[in-house]
Amino acid sequence: MNYFELFNLPVTLKVDKSQLAKKYFELQKQFHPDFFTQASEDEQADALEKSSMLNTALKTLKNKDETLKYILLQKNCMQEDEKYQLPPTFLMDVMELNEDLNKDTTQKIEAFESTLYVEVKDIVENYNNETVTPAQLASLKEYYYKKKYLQRILERIED
């Protein structure tokens, strides 16, 4: 069972956070381990497993980047800890940003990230798990890795 099935939500890159929270609390009431203290060991283990999965699923689906990564993993378009090759032109653009790290760099990176999003906005906004094409998934994957790369630079600036 995937995270969307667990919460009985449609597979989407734009998860409805209020619906997610509502479903989470409903399911936590049903599977929280504290409600199984008098149950058999198997039932307790099952409740603990489901509760743990709920927590992991909630954390994933609350975060747009983690949701994107999860869908790409589910679609077998990427592997965990994959070493993805970013295009040389992107790396050159980022190298220029890296050379001049200052307080304005954060704004430049955020603006750069916005231009990257424009390229996948239609796919993200209208994501359909049944009709998404391999080319669209490849675009989402590249966007994910580019954004992740930019986030690492932002983290360095903040340190």
# chains A, B, ... in the order shown; residues from 1 in each chain; ligands from 1
>>> closest_atom_pairs(of="stretch 49-138 of chain A", to="stretch 9-17 of chain A", cutoff="10 Å", atoms="only C-alpha atoms", output="tab-separated table")
residue	atom	partner	partner_atom	distance
A:Leu58	CA	A:Lys17	CA	9.6
A:Leu61	CA	A:Val15	CA	6.7
A:Lys62	CA	A:Lys17	CA	6.6
A:Asn63	CA	A:Val15	CA	8.9
A:Lys64	CA	A:Leu13	CA	6.9
A:Asp65	CA	A:Leu13	CA	8.9
A:Glu66	CA	A:Leu13	CA	9.7
A:Thr67	CA	A:Leu13	CA	6.4
A:Leu68	CA	A:Leu13	CA	6.1
A:Lys69	CA	A:Leu13	CA	9.8
A:Tyr70	CA	A:Leu13	CA	9.7
A:Ile71	CA	A:Leu13	CA	8.0
A:Ile123	CA	A:Leu13	CA	9.0
A:Val124	CA	A:Leu13	CA	5.9
A:Glu125	CA	A:Lys14	CA	7.2
A:Asn126	CA	A:Thr12	CA	8.4
A:Tyr127	CA	A:Thr12	CA	6.0
A:Asn128	CA	A:Thr12	CA	7.0
A:Asn129	CA	A:Val11	CA	6.2
A:Glu130	CA	A:Val11	CA	9.2
>>> write_last_selection(atoms="C-alpha atoms", output="short mmCIF file (atom, residue, chain, number, x, y, z; two decimals), in the first residue's frame")
data_model
loop_
_atom_site.label_atom_id
_atom_site.label_comp_id
_atom_site.auth_asym_id
_atom_site.auth_seq_id
_atom_site.Cartn_x
_atom_site.Cartn_y
_atom_site.Cartn_z
CA LEU A 58 2.44 12.27 6.80
CA LEU A 61 3.15 14.14 1.92
CA LYS A 62 3.35 17.39 3.90
CA ASN A 63 6.54 18.32 2.06
CA LYS A 64 6.26 19.15 -1.66
CA ASP A 65 9.80 18.05 -2.47
CA GLU A 66 9.46 14.80 -0.56
CA THR A 67 6.11 14.12 -2.27
CA LEU A 68 7.74 14.64 -5.66
CA LYS A 69 10.60 12.33 -4.71
CA TYR A 70 8.15 9.72 -3.40
CA ILE A 71 6.12 9.72 -6.63
CA ILE A 123 2.98 19.08 -15.05
CA VAL A 124 2.86 19.79 -11.30
CA GLU A 125 -0.44 21.68 -11.39
CA ASN A 126 -2.18 19.11 -13.59
CA TYR A 127 -0.42 15.93 -12.48
CA ASN A 128 -2.30 12.78 -13.43
CA ASN A 129 -0.68 9.58 -12.22
CA GLU A 130 -2.47 7.53 -14.90
#
>>> closest_residue(among="A:Gln74, A:Gln85, A:Thr105, A:Ser18", to="A:Glu155", atoms="only C-alpha atoms")
A:Thr105
>>> atom_distance(atom1="atom CA of A:Phe4", atom2="atom CA of A:Ala57")
8.3 Å
>>> closest_residue(among="A:Ser114, A:Asn102, A:Thr133, A:Gln79", to="A:Ile153", atoms="only C-alpha atoms")
A:Asn102
>>> closest_residue(among="A:Gln19, A:Gln151, A:Thr131, A:Ser139", to="A:Val94", atoms="only C-alpha atoms")
A:Gln151
>>> closest_residue(among="A:Tyr24, A:Tyr149, A:Phe35, A:Tyr3", to="A:Asn98", atoms="only C-alpha atoms")
A:Tyr149
>>> residues_around(residues="A:Asp34", least_positions_apart="4", cutoff="10 Å", atoms="only C-alpha atoms", output="ChimeraX atom specification")
/A:29,38,44,47-48
>>> write_last_selection(atoms="N, CA and C atoms", output="JSON list (two decimals), in the first residue's frame")
[["chain", "number", "residue", "atom", "x", "y", "z"],
["A", 29, "LYS", "N", -6.32, 7.59, 15.32],
["A", 29, "LYS", "CA", -7.30, 7.12, 16.31],
["A", 29, "LYS", "C", -7.55, 5.63, 16.14],
["A", 38, "GLN", "N", -3.91, -3.93, 25.26],
["A", 38, "GLN", "CA", -4.52, -5.18, 25.73],
["A", 38, "GLN", "C", -4.67, -6.21, 24.60],
["A", 44, "GLN", "N", -0.58, -5.82, 18.27],
["A", 44, "GLN", "CA", 0.23, -4.69, 18.72],
["A", 44, "GLN", "C", 1.31, -4.36, 17.69],
["A", 47, "ALA", "N", -0.32, -2.71, 14.69],
["A", 47, "ALA", "CA", -0.70, -1.32, 15.00],
["A", 47, "ALA", "C", 0.55, -0.44, 15.01],
["A", 48, "LEU", "N", 1.63, -0.93, 15.57],
["A", 48, "LEU", "CA", 2.87, -0.16, 15.61],
["A", 48, "LEU", "C", 3.40, 0.09, 14.20]]
>>> atom_distance(atom1="atom CA of A:Asp42", atom2="atom CA of A:Ala21")
27.5 Å
>>> residues_around(residues="stretch 95-97 of chain A", least_positions_apart="4", cutoff="8 Å", atoms="only C-alpha atoms", output="VMD selection string")
chain A and resid 91 101 105 108 to 109
>>> write_last_selection(atoms="C-alpha atoms", output="JSON list (two decimals), in the first residue's frame")
[["chain", "number", "residue", "atom", "x", "y", "z"],
["A", 91, "LEU", "CA", 26.11, 23.56, -13.31],
["A", 101, "LEU", "CA", 27.99, 34.05, -2.22],
["A", 105, "THR", "CA", 22.63, 35.27, -3.45],
["A", 108, "LYS", "CA", 19.13, 35.16, -6.87],
["A", 109, "ILE", "CA", 18.77, 31.47, -6.04]]
>>> closest_residue(among="A:Asn8, A:Gln107, A:Thr115, A:Asn76", to="A:Pro134", atoms="only C-alpha atoms")
A:Asn76
>>> closest_residue(among="A:Leu20, A:Lys146, A:Arg152, A:Ile157", to="A:Asp100", atoms="only C-alpha atoms")
A:Ile157
>>> select_by_dssp(residues="stretch 29-89 of chain A", states="helix (DSSP H, G or I)", output="PyMOL selection string")
chain A and resi 29-31+33-36+41-62+64-74+88-89
>>> write_last_selection(atoms="C-alpha atoms", output="PDB file, in the first residue's frame")
ATOM      1  CA  LYS A  29      -7.299   7.117  16.308  1.00  0.00           C
ATOM      2  CA  GLN A  30      -7.730   3.778  14.614  1.00  0.00           C
ATOM      3  CA  PHE A  31      -4.127   2.502  14.723  1.00  0.00           C
ATOM      4  CA  PRO A  33      -0.346   1.673  19.554  1.00  0.00           C
ATOM      5  CA  ASP A  34      -1.741   3.029  22.848  1.00  0.00           C
ATOM      6  CA  PHE A  35      -5.142   1.645  21.848  1.00  0.00           C
ATOM      7  CA  PHE A  36      -3.695  -1.873  21.501  1.00  0.00           C
ATOM      8  CA  GLU A  41       1.375  -9.314  20.274  1.00  0.00           C
ATOM      9  CA  ASP A  42       0.570  -9.652  16.571  1.00  0.00           C
ATOM     10  CA  GLU A  43      -2.117  -6.959  16.763  1.00  0.00           C
ATOM     11  CA  GLN A  44       0.231  -4.693  18.715  1.00  0.00           C
ATOM     12  CA  ALA A  45       2.993  -5.198  16.163  1.00  0.00           C
ATOM     13  CA  ASP A  46       0.563  -4.521  13.307  1.00  0.00           C
ATOM     14  CA  ALA A  47      -0.695  -1.322  15.001  1.00  0.00           C
ATOM     15  CA  LEU A  48       2.869  -0.162  15.612  1.00  0.00           C
ATOM     16  CA  GLU A  49       3.798  -0.795  11.984  1.00  0.00           C
ATOM     17  CA  LYS A  50       0.736   1.065  10.676  1.00  0.00           C
ATOM     18  CA  SER A  51       1.254   3.956  13.075  1.00  0.00           C
ATOM     19  CA  SER A  52       4.887   4.226  12.011  1.00  0.00           C
ATOM     20  CA  MET A  53       3.900   4.144   8.348  1.00  0.00           C
ATOM     21  CA  LEU A  54       1.296   6.850   9.005  1.00  0.00           C
ATOM     22  CA  ASN A  55       3.916   9.103  10.567  1.00  0.00           C
ATOM     23  CA  THR A  56       6.357   8.569   7.713  1.00  0.00           C
ATOM     24  CA  ALA A  57       3.633   9.080   5.111  1.00  0.00           C
ATOM     25  CA  LEU A  58       2.444  12.272   6.795  1.00  0.00           C
ATOM     26  CA  LYS A  59       5.963  13.689   6.901  1.00  0.00           C
ATOM     27  CA  THR A  60       6.471  12.839   3.225  1.00  0.00           C
ATOM     28  CA  LEU A  61       3.150  14.144   1.919  1.00  0.00           C
ATOM     29  CA  LYS A  62       3.352  17.395   3.905  1.00  0.00           C
ATOM     30  CA  LYS A  64       6.262  19.155  -1.661  1.00  0.00           C
ATOM     31  CA  ASP A  65       9.803  18.052  -2.465  1.00  0.00           C
ATOM     32  CA  GLU A  66       9.459  14.796  -0.559  1.00  0.00           C
ATOM     33  CA  THR A  67       6.114  14.119  -2.273  1.00  0.00           C
ATOM     34  CA  LEU A  68       7.740  14.637  -5.656  1.00  0.00           C
ATOM     35  CA  LYS A  69      10.602  12.334  -4.708  1.00  0.00           C
ATOM     36  CA  TYR A  70       8.146   9.715  -3.401  1.00  0.00           C
ATOM     37  CA  ILE A  71       6.124   9.723  -6.628  1.00  0.00           C
ATOM     38  CA  LEU A  72       9.291   9.473  -8.733  1.00  0.00           C
ATOM     39  CA  LEU A  73      10.423   6.527  -6.608  1.00  0.00           C
ATOM     40  CA  GLN A  74       6.998   4.887  -6.927  1.00  0.00           C
ATOM     41  CA  PRO A  88      26.471  21.243 -17.699  1.00  0.00           C
ATOM     42  CA  THR A  89      24.663  24.531 -18.442  1.00  0.00           C
TER      43      THR A  89
END
